[in-house]
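So this block is run.txt, compact mmCIF, C-alpha atoms:
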# COMPACT_ATOMS: atom_id res chain seq x y z
CA ARG P 258 4.66 211.87 81.88
CA SER P 259 4.01 211.30 85.58
CA ILE P 260 0.90 209.30 84.74
CA HIS P 261 2.92 207.09 82.39
CA THR P 262 5.56 206.50 85.08
CA THR P 263 2.92 205.56 87.62
CA THR P 264 1.37 203.09 85.22
CA MET P 265 4.71 201.42 84.51
CA THR P 266 5.43 201.13 88.23
CA LYS P 267 2.08 199.43 88.82
CA LEU P 268 2.75 196.96 86.01
CA VAL P 269 6.15 196.05 87.45
CA LEU P 270 4.66 195.55 90.92
CA LEU P 271 1.86 193.37 89.56
CA THR P 272 4.34 191.25 87.62
CA ALA P 273 6.57 190.75 90.68
CA LEU P 274 3.55 189.91 92.83
CA SER P 275 2.34 187.30 90.32
CA LEU P 276 5.81 185.70 90.26
CA ILE P 277 5.91 185.54 94.05
CA LEU P 278 2.46 183.98 94.21
CA GLY P 279 3.47 181.43 91.57
CA CYS P 280 6.54 180.38 93.56
CA ILE P 281 4.50 180.07 96.74
CA SER P 282 1.89 177.94 95.03
CA ALA P 283 4.60 175.72 93.49
CA ALA P 284 6.12 175.18 96.93
CA SER P 285 2.82 174.48 98.63
CA PRO P 286 2.37 171.03 100.26
CA SER P 287 -0.32 170.08 97.80
CA SER P 288 2.22 170.10 94.94
CA LEU P 289 4.94 168.11 96.77
CA PRO P 290 5.07 164.29 96.35
CA PRO P 291 3.59 162.34 99.26
CA THR P 292 5.90 160.92 101.90
CA ALA P 293 5.55 158.41 104.69
CA SER P 294 7.33 157.27 107.86
CA ILE P 295 8.87 153.83 108.28
CA GLN P 296 9.25 152.63 111.83
CA GLY P 297 10.09 149.46 113.68
CA ARG P 298 11.98 147.89 116.56
CA LEU P 299 15.06 145.71 116.99
CA ARG P 300 14.97 142.85 119.49
CA LEU P 301 17.43 140.31 120.87
CA PRO P 302 16.59 136.65 121.56
CA ASP P 303 17.38 137.23 125.22
CA PRO P 304 14.97 139.90 126.55
CA SER P 305 17.28 140.67 129.47
CA ALA P 306 20.19 141.56 127.14
CA SER P 307 20.73 145.21 126.26
CA LEU P 308 21.05 146.44 122.69
CA ASN P 309 23.54 149.16 121.90
CA SER P 310 22.62 152.05 119.64
CA THR P 311 22.57 150.57 116.14
CA ARG P 312 22.76 152.32 112.77
CA ILE P 313 19.98 151.50 110.28
CA THR P 314 20.05 152.57 106.64
CA LEU P 315 17.71 152.75 103.66
CA ASN P 316 19.08 152.26 100.13
CA ASP P 317 22.73 151.91 101.20
CA GLY P 318 22.79 155.11 103.23
CA SER P 319 20.33 157.39 101.40
CA PHE P 320 18.41 157.54 104.69
CA THR P 321 20.07 156.89 108.05
CA THR P 322 18.77 156.63 111.58
CA TYR P 323 19.78 155.12 114.94
CA THR P 324 17.87 153.02 117.41
CA GLN P 325 16.66 154.38 120.73
CA PRO P 326 17.56 152.66 124.04
CA ASN P 327 14.48 150.42 123.76
CA GLY P 328 15.35 149.42 120.16
CA ASP P 329 12.78 151.63 118.36
CA PHE P 330 13.71 153.44 115.14
CA ILE P 331 11.90 155.61 112.58
CA PHE P 332 12.54 157.13 109.15
CA HIS P 333 10.72 160.36 108.30
CA ARG P 334 9.68 161.71 104.88
CA VAL P 335 10.40 158.59 102.85
CA PRO P 336 9.22 159.05 99.23
CA PRO P 337 7.31 156.44 97.21
CA GLY P 338 9.25 153.59 95.67
CA VAL P 339 11.09 150.44 96.66
CA HIS P 340 13.53 150.80 99.56
CA LEU P 341 15.99 148.33 101.08
CA LEU P 342 16.46 148.42 104.85
CA ASP P 343 19.72 147.15 106.39
CA VAL P 344 20.72 146.90 110.05
CA GLN P 345 24.40 147.84 110.37
CA SER P 346 25.19 145.87 113.51
CA ARG P 347 28.67 144.57 114.35
CA GLU P 348 27.43 142.21 117.05
CA HIS P 349 24.21 140.65 115.74
CA HIS P 350 22.78 139.52 112.42
CA PHE P 351 19.35 140.90 111.47
CA SER P 352 17.18 140.28 108.43
CA GLN P 353 17.22 142.50 105.37
CA VAL P 354 13.83 144.08 104.54
CA LYS P 355 12.55 145.34 101.18
CA ILE P 356 9.84 147.99 101.56
CA GLN P 357 7.49 149.12 98.80
CA LEU P 358 5.64 152.44 99.13
CA LEU P 359 2.84 153.20 96.67
CA GLU P 360 1.53 156.74 96.19
CA GLU P 361 -2.06 155.58 96.58
CA ALA P 362 -1.27 153.62 99.78
CA MET P 363 1.50 155.43 101.62
CA ASP P 364 0.07 154.50 105.02
CA SER P 365 0.30 150.74 104.39
CA PRO P 366 3.76 149.84 103.05
CA LYS P 367 4.42 146.30 101.80
CA CYS P 368 7.40 144.71 103.56
CA ILE P 369 9.29 141.58 102.52
CA GLU P 370 11.89 139.99 104.81
CA TYR P 371 15.10 138.24 103.71
CA VAL P 372 16.94 136.40 106.48
CA TYR P 373 20.10 136.74 104.36
CA PRO P 374 20.69 137.87 100.75
CA GLY P 375 19.28 135.23 98.43
CA ALA P 376 17.16 133.53 101.11
CA PRO P 377 13.45 132.76 100.53
CA LYS P 378 11.33 135.86 101.03
CA GLN P 379 8.45 136.16 103.46
CA ALA P 380 6.02 138.99 104.11
CA MET P 381 6.06 140.85 107.40
CA PRO P 382 3.78 143.54 108.87
CA HIS P 383 4.52 147.20 109.47
CA PRO P 384 5.74 148.52 111.96
CA LEU P 385 8.71 146.19 111.62
CA GLU P 386 9.74 143.76 114.36
CA LEU P 387 13.28 142.50 113.69
CA THR P 388 14.82 139.89 115.98
CA ALA P 389 18.51 139.00 115.79
CA HIS P 390 19.11 135.58 114.24
CA ALA P 391 22.68 135.07 115.46
CA SER P 392 25.67 136.78 117.05
CA TYR P 393 28.95 137.35 115.25
CA GLN P 394 32.02 135.55 116.64
CA TYR P 395 35.26 137.33 115.78
CA TYR P 396 37.55 135.20 117.96
CA GLU P 397 38.01 131.46 118.27
CA LYS P 398 37.69 130.02 121.74
CA ARG P 399 41.00 128.89 123.19
CA GLN P 400 41.14 125.11 123.54
CA GLY P 401 42.38 123.57 126.77
CA PHE P 402 45.20 121.09 127.09
CA SER P 403 44.44 117.53 126.03
CA ILE P 404 46.72 114.50 126.27
CA PHE P 405 45.38 113.30 122.90
CA SER P 406 46.69 116.43 121.17
CA ILE P 407 50.24 115.08 121.68
CA PHE P 408 49.52 112.17 119.36
CA LYS P 409 48.64 114.59 116.55
CA ASN P 410 52.28 115.62 116.33
CA PRO P 411 54.07 113.73 113.49
CA MET P 412 57.38 113.76 115.37
CA ILE P 413 55.78 112.05 118.38
CA LEU P 414 54.27 109.39 116.11
CA MET P 415 57.66 108.72 114.49
CA MET P 416 59.32 108.41 117.90
CA LEU P 417 56.65 105.98 119.11
CA PHE P 418 57.02 103.86 115.96
CA THR P 419 60.80 103.77 116.29
CA GLY P 420 60.61 102.83 119.97
CA GLY P 421 58.11 100.09 119.20
CA MET P 422 60.35 98.63 116.50
CA LEU P 423 63.34 98.66 118.84
CA PHE P 424 61.30 96.78 121.41
CA LEU P 425 59.77 94.24 119.00
CA MET P 426 62.78 93.47 116.81
CA PRO P 427 64.69 91.44 119.48
CA LYS P 428 61.49 89.49 120.18
CA MET P 429 61.08 88.74 116.52
CA MET P 430 64.71 87.68 116.09
CA GLU P 431 64.48 85.13 118.91
CA ASP P 432 62.16 82.95 116.80
CA MET P 433 64.35 83.11 113.69
CA ASP P 434 66.73 80.48 112.38
CA PRO P 435 70.44 81.17 112.81
CA GLU P 436 70.83 81.80 109.08
CA GLN P 437 67.90 84.24 108.98
CA LYS P 438 69.24 85.94 112.10
CA GLU P 439 72.65 86.32 110.48
CA MET P 440 71.07 87.75 107.32
CA MET P 441 69.02 90.20 109.40
CA GLN P 442 72.12 91.35 111.28
CA LYS P 443 73.99 91.95 108.04
CA GLN P 444 71.08 93.97 106.66
CA MET P 445 71.01 96.05 109.82
CA GLU P 446 74.76 96.66 109.49
CA PHE P 447 74.24 97.80 105.92
CA GLN P 448 71.49 100.17 107.01
CA GLN P 449 73.68 101.64 109.73
CA ASP P 450 76.63 102.08 107.35
CA PRO P 451 75.50 103.33 103.92
CA SER P 452 79.02 102.98 102.53
CA LYS P 453 78.91 99.20 103.01
CA MET P 454 75.55 99.06 101.27
CA LEU P 455 76.88 101.01 98.28
CA THR P 456 80.01 98.83 98.13
CA SER P 457 77.94 95.64 98.19
CA MET P 458 75.65 96.94 95.45
CA PHE P 459 78.64 97.93 93.30
CA LYS P 460 80.27 94.51 93.72
CA GLY P 461 77.00 92.78 92.92
CA LEU P 462 76.78 94.71 89.65
CA THR P 463 80.38 93.95 88.68
CA GLY P 464 80.14 90.23 89.68
CA ALA P 465 82.96 90.35 92.22
CA GLU P 466 81.92 89.81 95.83
CA ASP P 467 83.84 89.80 99.02
CA ASP P 468 84.55 86.50 100.87
CA ASP P 469 83.62 88.01 104.22
CA ASP P 470 79.99 88.46 103.23
CA GLY P 471 79.41 84.69 103.32
CA TYR P 472 77.63 84.55 99.95
CA VAL P 473 78.39 82.11 97.10
CA LEU P 474 81.60 83.19 95.43
CA MET P 475 82.72 82.47 91.94
CA GLU P 476 86.20 82.98 90.57
CA ARG P 477 86.85 82.67 86.93
CA LYS P 478 90.30 81.67 85.80
CA PRO P 479 91.63 81.02 82.31
CA SER P 480 89.58 78.38 80.49
CA ALA P 481 90.80 74.87 79.62
CA LYS P 482 91.66 76.00 76.13
CA ALA P 483 94.25 78.27 77.58
CA GLY P 484 95.53 75.53 79.86
CA GLY P 485 93.73 76.65 82.94
CA LYS P 486 90.76 75.49 85.01
CA THR P 487 87.59 77.04 86.30
CA VAL P 488 87.42 76.90 90.05
CA ARG P 489 84.04 77.14 91.80
CA ARG P 490 83.89 77.62 95.53
CA GLY P 491 80.86 77.28 97.61
CA LYS P 492 79.78 79.08 100.72
CA ARG P 493 82.29 78.95 103.51
CA ASP P 494 81.09 77.24 106.68
Starting from the file, give its structure as structure tokens.
Amino acid sequence: RSIHTTTMTKLVLLTALSLILGCISAASPSSLPPTASIQGRLRLPDPSASLNSTRITLNDGSFTTYTQPNGDFIFHRVPPGVHLLDVQSREHHFSQVKIQLLEEAMDSPKCIEYVYPGAPKQAMPHPLELTAHASYQYYEKRQGFSIFSIFKNPMILMMLFTGGMLFLMPKMMEDMDPEQKEMMQKQMEFQQDPSKMLTSMFKGLTGAEDDDDGYVLMERKPSAKAGGKTVRRGKRD
């Protein structure tokens, strides 16, 4: 019985040892997929300008890193495939880069640069050298005072037009005939008093006009058949 127990114990130990060795071999580096490092540098058009620490992502945040004080960055253990690199800068605009890693050529990734989404693509070497194309402007520069800005105000234009008419109207009326001047004055009175204008329009529609207006007046009296006469009066001098 003791011999049988010893044999069973040995079998259990051998089985456990084989399982442990299998797990170790499965986790060995030779069985893991190959990986590579992606590195590069951010630059500004002005070499004397300093670049703040900037966040850089792969595949919308699947991999994240930050630039060093000199602008260098690196991603470690990037698997094979196609990856999209974005520079998350709030101050400067950098190109977007599409990186292709092949299992048979992990040390030489293929990089394609897009100045902006949808722009024509162009190949670029690795390590990446990304220079800012432009700076973001969040505020509009305050404009200084200009005398010409006053004339952009509609109220100022209306005031200038009214003042010009008040100045030119007397000059224009000096060259008019007395009758035209009198007609112009009456029209100005009508414009100043809307009630007179409405009264004149109403009388013109009904056919009865006031004597004081100076226009041709017509009074109709009973016809000759009824023993009356039709009297026509002209304009009063």
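Counting from CA of Phe351 (chain P), the distance to CA of Thr292 (chain P) is 25.9 Å.
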- Close residues, Gln296 (chain P) itself excluded, 7 Å, all atoms listed in the file, min 2 positions apart in chain, as a ChimeraX atom specification: /P:294,330-332,384-385
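Note that CA of Leu308 (chain P) and CA of Pro326 (chain P) are 7.3 Å apart.
CA of Ala391 (chain P) lies 9.2 Å from CA of Leu301 (chain P).
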